[in-house]
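**Q** Take this structure, written in structure tokens, and hold onto it; I'll ask about it next.
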Amino acid sequence: MPDLLHFEDFRVGQIFPLGSRTLDDDEMIAFAREFDPQPQHLDPEAAKQSILGGLAASGWYLTAFAMRMLVDGLFNRSTSLGAPGIDELQWRRPALVGDTLRLESEVLDTRASSNPRRGFVKFRVELRRGEERVMMFVCSVMFKRRG
């Protein structure tokens with residue numbers, strides 16, 4: 001797998017631009033109906049009356065939305081072995097239907113595992129609307145080592 005990114009390919013400070021995507025109301029509402037059925041995520045009229053001012057994506061939807069972009073843009077071209085968890089998760093600003101959000105991931109740290117076949121890469125993953133941070137999470141991901 002020489003074309004895939006391995007643990008040794010990641011450097012502190014490295015930034016991965018992972019594309020952008022526009023929030024779709026049908027997808028947001030379907031997610032909310034199943035997993036976060038609150039009025040500000042389900043009903044456009046009720047959402048207009050909320051402090052958010054319009055139909056807003058659930059924070060959990062944004063997390064899944066970002067994860068999809070992260071997998072498509074980075075993990076599917078790497079030797080990712082999964083993650084032991086998330087260290088931090090922040091929903092900073094509401095994201096409304098029609099917003100175009102871009103995803104960026106920065107390498108914060110790398111460390112070899114006690115298992116010589118893998119290493120850990122700590123990322124900060126940010127979803128942004130323009131320069132405004134909408135959400136972010138920090139997580140460590142395991143990657144295979146070369147050889």
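Numbering starts fresh at 1 for the residues of each chain in the structure tokens, the chains themselves are lettered A, B, ... in the order given, and ligands are numbered from 1 as they appear.
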Got a sec: who's within 10 Å of range 15-20 of chain A, counting only C-alpha atoms, leaving out chain neighbours fewer than 3 positions off, as a VMD selection string?
**A** chain A and resid 10 to 12 23 66 69 to 74 100 to 108 123 to 129
**Q** Would you please give, as a count of residues only, all residues of range 98-132 of chain A that DSSP assigns to strand (DSSP E or B) based on the backbone?
**A** 26
**Q** Out of range 10-132 of chain A, which residues get alpha helix (DSSP H) from DSSP, as number ranges by chain?
**A** A: 25-35, 39-42, 44-49, 59-73
**Q** Hey, which of A:Leu52, A:Ala30, A:Val141, A:Met67 ends up closest to Asp87 in chain A? Count only C-alpha atoms.
**A** A:Val141
**Q** Which of these, A:Phe137, A:Phe143, A:Trp91, A:Phe120, has the shortest distance to Asn76 in chain A once you count only C-alpha atoms?
**A**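 Selected residue with least distance to Asn76 in chain A: A:Phe143.
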**Q** Can you pull out the residues contacting Gly54 in chain A? Cut-off 10 Å, using only C-alpha atoms, and skip same-chain residues under 5 positions away; I want them as JSON, numbers by chain.
**A** {"A": [40, 41, 43, 44, 45, 46, 47, 48, 49, 94, 95, 96, 97]}
**Q** So that I have them on file, write out the residues from the current selection with N, CA and C atoms, as a PDB file, in the first residue's frame.
**A**
ATOM      1  N   GLN A  40     -36.155  23.148  16.540  1.00  0.00           N
ATOM      2  CA  GLN A  40     -35.227  23.974  15.760  1.00  0.00           C
ATOM      3  C   GLN A  40     -34.503  23.184  14.673  1.00  0.00           C
ATOM      4  N   HIS A  41     -34.568  21.838  14.755  1.00  0.00           N
ATOM      5  CA  HIS A  41     -33.939  20.972  13.764  1.00  0.00           C
ATOM      6  C   HIS A  41     -34.959  20.328  12.822  1.00  0.00           C
ATOM      7  N   ASP A  43     -38.612  21.681  12.249  1.00  0.00           N
ATOM      8  CA  ASP A  43     -39.724  22.491  11.732  1.00  0.00           C
ATOM      9  C   ASP A  43     -39.241  23.892  11.351  1.00  0.00           C
ATOM     10  N   PRO A  44     -39.218  24.213  10.051  1.00  0.00           N
ATOM     11  CA  PRO A  44     -38.725  25.531   9.622  1.00  0.00           C
ATOM     12  C   PRO A  44     -39.459  26.702  10.277  1.00  0.00           C
ATOM     13  N   GLU A  45     -40.769  26.582  10.477  1.00  0.00           N
ATOM     14  CA  GLU A  45     -41.529  27.682  11.093  1.00  0.00           C
ATOM     15  C   GLU A  45     -41.177  27.834  12.570  1.00  0.00           C
ATOM     16  N   ALA A  46     -41.121  26.728  13.302  1.00  0.00           N
ATOM     17  CA  ALA A  46     -40.737  26.777  14.719  1.00  0.00           C
ATOM     18  C   ALA A  46     -39.300  27.274  14.850  1.00  0.00           C
ATOM     19  N   ALA A  47     -38.446  26.876  13.928  1.00  0.00           N
ATOM     20  CA  ALA A  47     -37.037  27.274  13.975  1.00  0.00           C
ATOM     21  C   ALA A  47     -36.875  28.786  13.796  1.00  0.00           C
ATOM     22  N   LYS A  48     -37.743  29.402  12.975  1.00  0.00           N
ATOM     23  CA  LYS A  48     -37.677  30.861  12.784  1.00  0.00           C
ATOM     24  C   LYS A  48     -37.931  31.598  14.099  1.00  0.00           C
ATOM     25  N   GLN A  49     -38.728  30.982  14.964  1.00  0.00           N
ATOM     26  CA  GLN A  49     -39.062  31.594  16.245  1.00  0.00           C
ATOM     27  C   GLN A  49     -38.023  31.303  17.330  1.00  0.00           C
ATOM     28  N   PRO A  94     -24.420  28.256  15.156  1.00  0.00           N
ATOM     29  CA  PRO A  94     -25.429  27.478  14.441  1.00  0.00           C
ATOM     30  C   PRO A  94     -25.115  27.429  12.946  1.00  0.00           C
ATOM     31  N   ALA A  95     -25.459  26.330  12.334  1.00  0.00           N
ATOM     32  CA  ALA A  95     -25.336  26.173  10.882  1.00  0.00           C
ATOM     33  C   ALA A  95     -26.751  25.993  10.352  1.00  0.00           C
ATOM     34  N   LEU A  96     -27.120  26.827   9.402  1.00  0.00           N
ATOM     35  CA  LEU A  96     -28.487  26.853   8.887  1.00  0.00           C
ATOM     36  C   LEU A  96     -28.560  26.247   7.488  1.00  0.00           C
ATOM     37  N   VAL A  97     -29.772  25.848   7.116  1.00  0.00           N
ATOM     38  CA  VAL A  97     -30.010  25.311   5.780  1.00  0.00           C
ATOM     39  C   VAL A  97     -29.420  26.261   4.744  1.00  0.00           C
TER      40      VAL A  97
END
**Q** So how far away is CA of Gln90 in chain A from CA of Val134 in chain A, in Å?
**A**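 Calculated distance between CA of Val134 in chain A and CA of Gln90 in chain A is 8.4 Å.
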**Q** Would you kindly return, as a PDB file with all heavy atoms, in the first residue's frame, each protein, DNA or RNA residue with an atom no farther than 9 Å from any atom of Met28 in chain A, considering only C-alpha atoms and excluding same-chain residues fewer than 6 positions away?
**A**
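Everything below was put into part_0.pdb:
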ATOM      1  N   HIS A  41     -34.568  21.838  14.755  1.00  0.00           N
ATOM      2  CA  HIS A  41     -33.939  20.972  13.764  1.00  0.00           C
ATOM      3  C   HIS A  41     -34.959  20.328  12.822  1.00  0.00           C
ATOM      4  O   HIS A  41     -34.577  19.788  11.781  1.00  0.00           O
ATOM      5  CB  HIS A  41     -33.152  19.848  14.441  1.00  0.00           C
ATOM      6  CG  HIS A  41     -32.133  20.313  15.423  1.00  0.00           C
ATOM      7  ND1 HIS A  41     -31.290  21.379  15.202  1.00  0.00           N
ATOM      8  CD2 HIS A  41     -31.823  19.846  16.660  1.00  0.00           C
ATOM      9  CE1 HIS A  41     -30.509  21.543  16.252  1.00  0.00           C
ATOM     10  NE2 HIS A  41     -30.810  20.637  17.157  1.00  0.00           N
ATOM     11  N   LEU A  42     -36.244  20.389  13.186  1.00  0.00           N
ATOM     12  CA  LEU A  42     -37.290  19.676  12.440  1.00  0.00           C
ATOM     13  C   LEU A  42     -38.255  20.565  11.668  1.00  0.00           C
ATOM     14  O   LEU A  42     -38.719  20.192  10.596  1.00  0.00           O
ATOM     15  CB  LEU A  42     -38.141  18.833  13.411  1.00  0.00           C
ATOM     16  CG  LEU A  42     -37.518  17.607  14.019  1.00  0.00           C
ATOM     17  CD1 LEU A  42     -38.436  17.038  15.088  1.00  0.00           C
ATOM     18  CD2 LEU A  42     -37.245  16.576  12.948  1.00  0.00           C
ATOM     19  N   LEU A  55     -34.003  27.141  10.431  1.00  0.00           N
ATOM     20  CA  LEU A  55     -33.771  25.706  10.561  1.00  0.00           C
ATOM     21  C   LEU A  55     -32.280  25.435  10.688  1.00  0.00           C
ATOM     22  O   LEU A  55     -31.504  25.721   9.778  1.00  0.00           O
ATOM     23  CB  LEU A  55     -34.353  24.961   9.359  1.00  0.00           C
ATOM     24  CG  LEU A  55     -34.423  23.454   9.484  1.00  0.00           C
ATOM     25  CD1 LEU A  55     -35.381  23.039  10.616  1.00  0.00           C
ATOM     26  CD2 LEU A  55     -34.877  22.840   8.170  1.00  0.00           C
ATOM     27  N   ALA A  56     -31.888  24.912  11.840  1.00  0.00           N
ATOM     28  CA  ALA A  56     -30.473  24.714  12.159  1.00  0.00           C
ATOM     29  C   ALA A  56     -30.138  23.238  12.212  1.00  0.00           C
ATOM     30  O   ALA A  56     -30.942  22.410  12.635  1.00  0.00           O
ATOM     31  CB  ALA A  56     -30.150  25.356  13.511  1.00  0.00           C
ATOM     32  N   ALA A  57     -28.941  22.927  11.788  1.00  0.00           N
ATOM     33  CA  ALA A  57     -28.451  21.551  11.863  1.00  0.00           C
ATOM     34  C   ALA A  57     -28.206  21.173  13.318  1.00  0.00           C
ATOM     35  O   ALA A  57     -27.676  21.965  14.101  1.00  0.00           O
ATOM     36  CB  ALA A  57     -27.148  21.417  11.074  1.00  0.00           C
ATOM     37  N   SER A  58     -28.579  19.961  13.663  1.00  0.00           N
ATOM     38  CA  SER A  58     -28.229  19.408  14.964  1.00  0.00           C
ATOM     39  C   SER A  58     -26.702  19.345  15.070  1.00  0.00           C
ATOM     40  O   SER A  58     -26.013  19.069  14.081  1.00  0.00           O
ATOM     41  CB  SER A  58     -28.817  17.998  15.064  1.00  0.00           C
ATOM     42  OG  SER A  58     -28.187  17.239  16.053  1.00  0.00           O
ATOM     43  N   TYR A  61     -25.634  16.089  13.898  1.00  0.00           N
ATOM     44  CA  TYR A  61     -25.613  16.011  12.432  1.00  0.00           C
ATOM     45  C   TYR A  61     -24.307  16.612  11.905  1.00  0.00           C
ATOM     46  O   TYR A  61     -23.667  16.039  11.019  1.00  0.00           O
ATOM     47  CB  TYR A  61     -26.820  16.743  11.838  1.00  0.00           C
ATOM     48  CG  TYR A  61     -26.749  16.865  10.341  1.00  0.00           C
ATOM     49  CD1 TYR A  61     -27.102  15.799   9.524  1.00  0.00           C
ATOM     50  CD2 TYR A  61     -26.324  18.042   9.741  1.00  0.00           C
ATOM     51  CE1 TYR A  61     -27.031  15.906   8.139  1.00  0.00           C
ATOM     52  CE2 TYR A  61     -26.247  18.156   8.366  1.00  0.00           C
ATOM     53  CZ  TYR A  61     -26.603  17.083   7.569  1.00  0.00           C
ATOM     54  OH  TYR A  61     -26.521  17.188   6.206  1.00  0.00           O
ATOM     55  N   VAL A  97     -29.772  25.848   7.116  1.00  0.00           N
ATOM     56  CA  VAL A  97     -30.010  25.311   5.780  1.00  0.00           C
ATOM     57  C   VAL A  97     -29.420  26.261   4.744  1.00  0.00           C
ATOM     58  O   VAL A  97     -29.564  27.474   4.838  1.00  0.00           O
ATOM     59  CB  VAL A  97     -31.527  25.149   5.538  1.00  0.00           C
ATOM     60  CG1 VAL A  97     -31.829  24.889   4.072  1.00  0.00           C
ATOM     61  CG2 VAL A  97     -32.081  24.029   6.385  1.00  0.00           C
TER      62      VAL A  97
END
**Q** Which residues are near Arg77 in chain A? Cut-off 8 Å, only C-alpha atoms, ignore same chain within fewer than 5 positions. Put them as a list of chain:residue names.
**A**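 Near Arg77 in chain A, the qualifying residues are A:Asp3, A:Leu4, A:Leu5.
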**Q** Mind writing the picked residues with N, CA and C atoms as a tab-separated table (two decimals), in the first residue's frame?
**A**
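Dumped to result12.tsv:
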chain	number	residue	atom	x	y	z
A	3	ASP	N	0.86	3.94	-1.81
A	3	ASP	CA	0.22	5.21	-2.09
A	3	ASP	C	-0.65	5.71	-0.94
A	4	LEU	N	-0.87	4.88	0.06
A	4	LEU	CA	-1.68	5.29	1.21
A	4	LEU	C	-0.80	6.01	2.24
A	5	LEU	N	-1.41	6.96	2.96
A	5	LEU	CA	-0.70	7.67	4.02
A	5	LEU	C	-0.54	6.75	5.23
**Q** Can you measure CA of Gly82 in chain A to CA of Phe65 in chain A for me? One decimal in Å is fine.
**A**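 Going from CA of Gly82 in chain A over to CA of Phe65 in chain A covers 17.3 Å.
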**Q** I'd like the neighbourhood of Glu8 in chain A as a ChimeraX atom specification, where a residue qualifies if any of its atoms comes within 9 Å (using only C-alpha atoms), though same-chain residues fewer than 6 positions away should be ignored.
**A** /A:110,119,143-146
**Q** What does the file look like for those residues with N, CA, C and O atoms, as a tab-separated table (two decimals), in the first residue's frame?
**A**
chain	number	residue	atom	x	y	z
A	110	THR	N	2.02	13.79	16.95
A	110	THR	CA	2.20	12.41	16.51
A	110	THR	C	2.99	11.69	17.60
A	110	THR	O	3.85	12.29	18.24
A	119	GLY	N	0.96	3.93	15.03
A	119	GLY	CA	1.23	5.18	15.73
A	119	GLY	C	-0.04	5.99	15.82
A	119	GLY	O	-1.03	5.70	15.14
A	143	PHE	N	-2.78	4.88	12.99
A	143	PHE	CA	-2.41	4.57	11.62
A	143	PHE	C	-1.34	3.48	11.62
A	143	PHE	O	-0.52	3.40	12.54
A	144	LYS	N	-1.35	2.68	10.57
A	144	LYS	CA	-0.30	1.69	10.41
A	144	LYS	C	1.03	2.40	10.16
A	144	LYS	O	1.05	3.48	9.56
A	145	ARG	N	2.10	1.75	10.61
A	145	ARG	CA	3.45	2.24	10.32
A	145	ARG	C	3.98	1.51	9.11
A	145	ARG	O	3.55	0.40	8.79
A	146	ARG	N	4.92	2.11	8.43
A	146	ARG	CA	5.54	1.44	7.28
A	146	ARG	C	6.40	0.27	7.78
A	146	ARG	O	6.95	0.32	8.85
**Q** Go through A:Glu131, A:Asp99, A:Ser50, A:Ser140 and flag the residue nearest Arg111 in chain A, using only C-alpha atoms for the distances.
**A**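 Closest to Arg111 in chain A, using only C-alpha atoms: A:Ser140.
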**Q** Between A:Val121, A:Ile29, A:Met142, A:Ala112, which one has atoms that come closest to Pro84 in chain A, using only C-alpha atoms?
**A**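 Nearest candidate to Pro84 in chain A out of A:Val121, A:Ile29, A:Met142, A:Ala112: A:Met142.
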**Q** So what do you get for CA of Ile86 in chain A versus CA of Asp36 in chain A, distance-wise?
**A**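 Computed distance, CA of Ile86 in chain A to CA of Asp36 in chain A, equals 20.1 Å.
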**Q** With distances taken over only C-alpha atoms, which of A:Pro39, A:Arg68, A:Gly98, A:Gly147 is nearest to Asp26 in chain A?
**A**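 Of A:Pro39, A:Arg68, A:Gly98, A:Gly147, the one nearest Asp26 in chain A, counting only C-alpha atoms, is A:Gly98.
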**Q** May I ask which of the residues A:Gly13, A:Gly53, A:Gly59, A:Pro37 is the closest one to Lys122 in chain A, counting only C-alpha atoms?
**A**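 Of A:Gly13, A:Gly53, A:Gly59, A:Pro37, the one nearest Lys122 in chain A is A:Gly13, counting only C-alpha atoms.
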